[in-house]
Structures are given as structure tokens and as C-alpha cells.
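Here is the structure we will look at, set down as C-alpha cells.
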Number of protein chains: 2
Amino acid sequence: MKELALGIDIGGTNTVFGLVDEKGNIFFQNSFKTKNYSNPNDLAKVIYDKWLEIKPKLKENEKLKGVGIGAPNGNYFTGCVEFAPNLNWNKKVPLKSIFEKYFKVPVYLNNDANAATIGEMMFGAAKKYKDFIFITIGTGLGSGFVSNGKLIYGYKGLAGEFGHTLHIPNGRLCGCGKKGCLEAYVSANGIKNTAIEILKNSKIKSLLRNFSNSELTPKLIYKAALKKDKLAIRVFNITGEILGTKLADAVLITNPQAIILFGGISNAGKLLIKPIKNAMENNLLPVFKNCVKIIQSKLLDKNAAVLGAAAMVWQK
Amino acid sequence: MKELALGIDIGGTNTVFGLVDEKGNIFFQNSFKTKNYSNPNDLAKVIYDKWLEIKPKLKENEKLKGVGIGAPNGNYFTGCVEFAPNLNWNKKVPLKSIFEKYFKVPVYLNNDANAATIGEMMFGAAKKYKDFIFITIGTGLGSGFVSNGKLIYGYKGLAGEFGHTLHIPNGRLCGCGKKGCLEAYVSANGIKNTAIEILKNSKIKSLLRNFSNSELTPKLIYKAALKKDKLAIRVFNITGEILGTKLADAVLITNPQAIILFGGISNAGKLLIKPIKNAMENNLLPVFKNCVKIIQSKLLDKNAAVLGAAAMVWQK
């Protein structure tokens, strides 16, 4: 019997779902706008209806083993999505039980960063690591910490909020309401704001001066850096230094073998990894030095969320 | 059959060892100056000889199940004490195998903070917690992180170096050679140096002005604080605020249910716990607030090291 998992990633903008086998092959993938379904029950039903369409096409030896869902603020322990600012749902949605009612197979819910961490562990760059830190940099900065092959959930399933650790007391206002969070510096917006600050406070010539503040994007800054634009390179150096310095703290606490970088911003590759590595090494104890690899994710952005969600089904 | 464990704590000054049962009762305890034995083999032999004296006094139904050793830089994975600056031994000492040669029972080695963490989990204040952070503040700042009932060792058994995370870039020189480590502020010396700084930079009246810098100790500062000495209270407020702010980072990463404070400095109790709690709560995400207990260890300082070392024997 060949077992398949339905991986579902519910994002603020899109919901993507797909059928995945134990090797990470995706057989089918589909998506729709999350906002079309203000009621989570409707969202579950539309996915279930799609599943009923696919089901007859499975081979005789194929069956659905379970459903894995990644969602903002999805809690693995409670099975609920709790206070997700980007989803227009009620305060606490029992998503796991809603899906179980339809699918009648085990359903696993997790937050998106945790799901991606498990995906990376099962199908991606972390396959060979039992102790690693997964960092996803996009709109925000998410993370997952894996120790001895197990994701650290913590007492209430809230662990891994590395993005909201403190970079600078009373620093930039973060989306969470706190000031000075790492995420306010190391994220799409963080990078943009760093560029805006340097543009304002320096007279360095730069291609970026041809754009208004609102036009600036990490991609644009990245392209300028590839053209050896000094200001753009400085933006990545500063961002990497901030992240590397905080990662040293995390490394001293959990002693990982590797750090996996994921998400749009991580595509900057060496431009970001080099300053991260330098700052991290400078802040480690001697016995920790040159022991932690910093590598890019091996999952394609477009598949990672679905693979991560599906991976939970086999993790159990 | 009643099983007993021999718990051995090898410290820079004293080596203490004792026979412990599964409930944490200590039947026998002895100690000697560590420096009397520059060769770790001699140190093992003197403990073994003492064991041979005790052994005939055991009841018929009592037997030795194993030996647990806590030592600075003791590594659980390798069984070696590696580069411990306070022990005048060779660079890498295979302590586990040295003791196994004598005792012919399983021997477990760990660093002192990890051993104390396990002791607290088995016999102390952390009995009922599966997710907690153990912090020991004395000469240095040690820590142990427990997730889902398991101590986090990391890839090379080096995890838990919370004392060497960064408080202030280019801050005070730490014993480890780095600058600005948490331990340089939150430790016996750290507290003393904070007091010296305030004495020098302020004109606050204080009992502490009756002492020379070299006479100042955390105990003296504590006694002054109990007498409502403003400067002394400020020292504890600053120390607590620094620790609480860094603990918020650790809480965001590991989401513990409790933080256990241990070691000489933690005896300051509320004087320290109140500012720790305030600073920690101020730096947490809303969903984490008022969920983490900060409590003092329930192990007596004089027994904790031996209990912690012994606890490893039953943990396995």
C-alpha cells in the first residue's frame, strides 16, 4: 500500500494544498485565495470537495494516510489557530477538528515555520541533521529549533519565536507591538527600512537613489548589490551582521550542527550568509567556532509549505 | 533490591561525593580538595578506595547501580573533561572510562550545570515541569535547557552556554575572552563590578562606601540591600533587569513553563526575582505573558551537586 499525505498551507494571501508521498513527490497541487473563505468551515469544505474529485483517480494501492496543515499561529498541541492577525477568522479556530470531521483521517496542525522546519528535516537540507535551527526570512522572521531530531515545541507549543528576540532596546517598532525585535531588522520590511535609513543618513552614491522609498524592495536592493552598489551591499552586510550576532546566542543555547536559511530573503545567498557567518563566529565561544554550517534551504519556495505540512503526517 | 548511585561533583576547589537513593536521600557524603590530585587517575582511585570502605556496610539488598560525575566542561557524549580551566589536568581527560575501569558499573559524565539541571528535574523544584530553564548563578552563570523532559545537549553536547550570550557589544571583558557576555554582568564578579561602577559614577549614599572595592562581595551587597541601602538595591535591580531581558529571548525560543534559579546569588530571592520578572515580561510577546514561573531551586547548595551527579544514573 502506498500512503499519501494531503499537505495544506493556509497563508494570509493564498491557501495551497497538494498530495505528497513519503519521498516528497508532489502528485497534485492546487490553490485559492484564503480571503474568499471568511469561515474556516467553508475553507475545509472546499478542500474536501477537491479531494473527493481527486480520490477516484488514485491507484488501487494508494490511500490517504493523513492531513497536515500549516497556518499562521497554528498550534500543534491545541489543534487550533489562535489569534492569527492575517486570517480574518474568529479568535480561536479548532482547525484540526474541523478538518477531521471531513476527512476522517488523522489531521496535524502546526504554525507555518514549524511545518517548514519539519519539511526541511524530512525532504530538504536538514535531512542529515538532528540538531539544527531553521530560519525563514520573508515578510517576517520565523524559526524552528530541532534538538536530537525533535522539534522544540515548549510548554504551550509556542517555541521558536526567534524573530521577536531583542536586537536593540527601544529600537524599531515591530509588527508585534514590541520595540527592537530582530524581525524589525531582518525581514523584507526590515531590510527596506535599513536601506531607507542609510539613504537618508549617508551620501553614498547608489542606484537605489533612483527610487522612492515606497518603491524599494529587498529584490531591488539585491539586484543593486549584484551590480556592486556599495549602499546595497552595506544593507546586506548590516542585516547579516544583526542576524549573525543573534544567531550566536541561539547557537550557544542549543549547539546546532547547522542553520538552514529559507524564504525569499534567503535567496540573497552569499551576500547574506557571509556577514551572518562572520558575526556569528565572532560571538561564539572558542569551542563552538567553525562547527556550525549555514546553508540555504533545498526546498523550492513554491513547494516548501505543502511539503512541510505533509511531512507532519509521517513524522508522527 | 535497592539501588544506589554514587554522585561525584568535581569542582575547581572541592570534590564532593555521596551515595544517593532513587528518592534523593543521601546516605553518605565525603569531600576533599581537588587540587590534591593533579592526576585524574589518582582522583578516581581515592574515591574508589573510599567506596571499598563503604561497600561492606551496605545492606544485603543494596547495590551500586552506577556512578554519575559532574565536572566543569564534562561532556556527556564523549565522556571526557575537555579544556577545563579550573582543573589542572591535561587537555582532554577520558574521565568516564577512567572511573569505569575502577567501578565496573555504568558511569555518566556531564558538566556541572547539566548535572544540576538533571538533579533539579529528578529531586528538586523542576520535578513537575517538562519544559524549563535552569540557571545557576555563582562564580559564573551556567544553564541547562529542558524540552519535553529531555535536556538539550546539542550536536556536540555543548548546549546551554547561556552565560556567554551577548548582553552588550564590546561590553565588559568576560572570563571566556569575549566581551559583553551576560556572565560578565550576572555572576558574583558581575554584581561586584556593577556595584563598583555605581559607587564610582554616582553620589548615592551607601553602606557600601565603607568598604574597599576588593572587600565588596555579593553577600555584603545583599545585606546592605536588606537594610534598604538604595545603591545596593539598585545593583540587584540592574542585575535582574539584565538577566530578565536575556531570559525573555530564551523564553521566546524554548517556551518553558518555569525558570529555576540556583546558586549562591539566587539566594537573594525576591530582590533579584522581581526585577528579573519585570524585565522578562516586558520583552515577551503578549501570548507568552504571565505564563512563566520564576522560582528558586529546592535543592540545598551543599547537596545539589551530588544529587545532580547521582540523578544521571537513574535518568538513563
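If you're wondering about the labels, chains in the C-alpha cells are A, B, ... by order shown, residues count from 1 in each chain, ligands from 1 in order shown.
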
Chain A residues near chain B (9 Å cut-off, only C-alpha atoms) as a ChimeraX atom specification:
/A:129-132,143-145,147-148,152-166,176-179,245-246,248-257,282-288

As a compact mmCIF listing (two decimals) with N, CA and C atoms, in the first residue's frame, please: every residue in range 32-194 of chain B that DSSP puts in alpha helix (DSSP H).
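Generated output (states_33.txt):
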```txt
# COMPACT_ATOMS: atom_id res chain seq x y z
N PRO B 40 44.07 12.73 37.22
CA PRO B 40 42.67 12.30 37.39
C PRO B 40 42.55 10.82 37.78
N ASN B 41 43.54 10.02 37.41
CA ASN B 41 43.53 8.61 37.79
C ASN B 41 43.63 8.47 39.31
N ASP B 42 44.49 9.29 39.91
CA ASP B 42 44.63 9.27 41.37
C ASP B 42 43.34 9.70 42.05
N LEU B 43 42.68 10.69 41.44
CA LEU B 43 41.42 11.17 41.99
C LEU B 43 40.37 10.07 41.95
N ALA B 44 40.32 9.34 40.84
CA ALA B 44 39.37 8.23 40.72
C ALA B 44 39.68 7.16 41.76
N LYS B 45 40.97 6.90 41.95
CA LYS B 45 41.37 5.82 42.86
C LYS B 45 41.00 6.16 44.31
N VAL B 46 41.19 7.41 44.71
CA VAL B 46 40.90 7.76 46.10
C VAL B 46 39.39 7.63 46.36
N ILE B 47 38.57 7.93 45.36
CA ILE B 47 37.12 7.76 45.54
C ILE B 47 36.77 6.27 45.56
N TYR B 48 37.44 5.52 44.68
CA TYR B 48 37.18 4.08 44.65
C TYR B 48 37.58 3.42 45.97
N ASP B 49 38.72 3.82 46.52
CA ASP B 49 39.16 3.27 47.81
C ASP B 49 38.13 3.58 48.90
N LYS B 50 37.60 4.80 48.85
CA LYS B 50 36.58 5.16 49.84
C LYS B 50 35.33 4.29 49.65
N TRP B 51 34.99 4.03 48.40
CA TRP B 51 33.85 3.16 48.09
C TRP B 51 34.08 1.75 48.65
N LEU B 52 35.28 1.26 48.53
CA LEU B 52 35.59 -0.08 49.05
C LEU B 52 35.40 -0.14 50.57
N GLU B 53 35.63 0.99 51.22
CA GLU B 53 35.40 1.06 52.68
C GLU B 53 33.92 1.02 53.01
N ILE B 54 33.14 1.73 52.17
CA ILE B 54 31.69 1.83 52.45
C ILE B 54 30.96 0.54 52.09
N LEU B 95 37.43 10.85 31.52
CA LEU B 95 37.07 10.59 32.92
C LEU B 95 36.11 9.42 33.08
N LYS B 96 35.16 9.34 32.14
CA LYS B 96 34.17 8.25 32.20
C LYS B 96 34.88 6.88 32.16
N SER B 97 35.80 6.71 31.23
CA SER B 97 36.45 5.39 31.11
C SER B 97 37.41 5.14 32.28
N ILE B 98 38.01 6.20 32.81
CA ILE B 98 38.88 6.03 33.98
C ILE B 98 38.07 5.48 35.15
N PHE B 99 36.90 6.06 35.39
CA PHE B 99 36.06 5.61 36.51
C PHE B 99 35.46 4.22 36.24
N GLU B 100 35.14 3.95 34.98
CA GLU B 100 34.56 2.63 34.67
C GLU B 100 35.56 1.52 34.93
N LYS B 101 36.83 1.81 34.70
CA LYS B 101 37.88 0.81 34.97
C LYS B 101 37.85 0.38 36.44
N TYR B 102 37.66 1.36 37.32
CA TYR B 102 37.62 1.04 38.74
C TYR B 102 36.29 0.42 39.16
N PHE B 103 35.19 1.07 38.78
CA PHE B 103 33.91 0.73 39.40
C PHE B 103 33.16 -0.41 38.72
N ASP B 112 28.82 20.50 35.10
CA ASP B 112 28.18 20.74 36.39
C ASP B 112 26.78 21.34 36.26
N ALA B 113 26.60 22.26 35.30
CA ALA B 113 25.26 22.87 35.14
C ALA B 113 24.25 21.84 34.66
N ASN B 114 24.65 20.99 33.72
CA ASN B 114 23.74 19.94 33.24
C ASN B 114 23.40 18.96 34.36
N ALA B 115 24.40 18.58 35.14
CA ALA B 115 24.16 17.64 36.25
C ALA B 115 23.16 18.26 37.22
N ALA B 116 23.36 19.54 37.55
CA ALA B 116 22.44 20.20 38.49
C ALA B 116 21.03 20.30 37.89
N THR B 117 20.95 20.52 36.58
CA THR B 117 19.65 20.58 35.91
C THR B 117 18.91 19.26 36.07
N ILE B 118 19.61 18.17 35.83
CA ILE B 118 19.01 16.84 35.95
C ILE B 118 18.63 16.57 37.41
N GLY B 119 19.48 17.01 38.33
CA GLY B 119 19.16 16.86 39.76
C GLY B 119 17.88 17.61 40.11
N GLU B 120 17.76 18.81 39.59
CA GLU B 120 16.56 19.63 39.87
C GLU B 120 15.31 18.97 39.29
N MET B 121 15.49 18.32 38.15
CA MET B 121 14.37 17.67 37.47
C MET B 121 13.94 16.42 38.24
N MET B 122 14.89 15.71 38.79
CA MET B 122 14.59 14.45 39.46
C MET B 122 14.20 14.65 40.93
N PHE B 123 14.89 15.58 41.60
CA PHE B 123 14.70 15.71 43.05
C PHE B 123 14.23 17.08 43.52
N ALA B 188 28.85 36.45 40.42
CA ALA B 188 29.41 37.08 41.62
C ALA B 188 30.25 38.29 41.23
N ASN B 189 31.16 38.09 40.31
CA ASN B 189 32.03 39.17 39.87
C ASN B 189 31.26 40.27 39.15
N GLY B 190 30.28 39.85 38.35
CA GLY B 190 29.47 40.81 37.61
C GLY B 190 28.76 41.76 38.55
N ILE B 191 28.16 41.20 39.59
CA ILE B 191 27.42 42.01 40.56
C ILE B 191 28.37 42.96 41.28
N LYS B 192 29.52 42.43 41.65
CA LYS B 192 30.53 43.25 42.32
C LYS B 192 30.96 44.41 41.42
N ASN B 193 31.20 44.11 40.14
CA ASN B 193 31.64 45.16 39.22
C ASN B 193 30.55 46.21 38.97
N THR B 194 29.31 45.75 38.96
CA THR B 194 28.20 46.71 38.81
C THR B 194 28.17 47.66 40.01
```

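CA of Asn210 in chain A is positioned 21.9 Å from CA of Ile265 in chain A.
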
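We find CA of Thr239 in chain B and CA of Ile133 in chain B to be spaced 18.1 Å apart.
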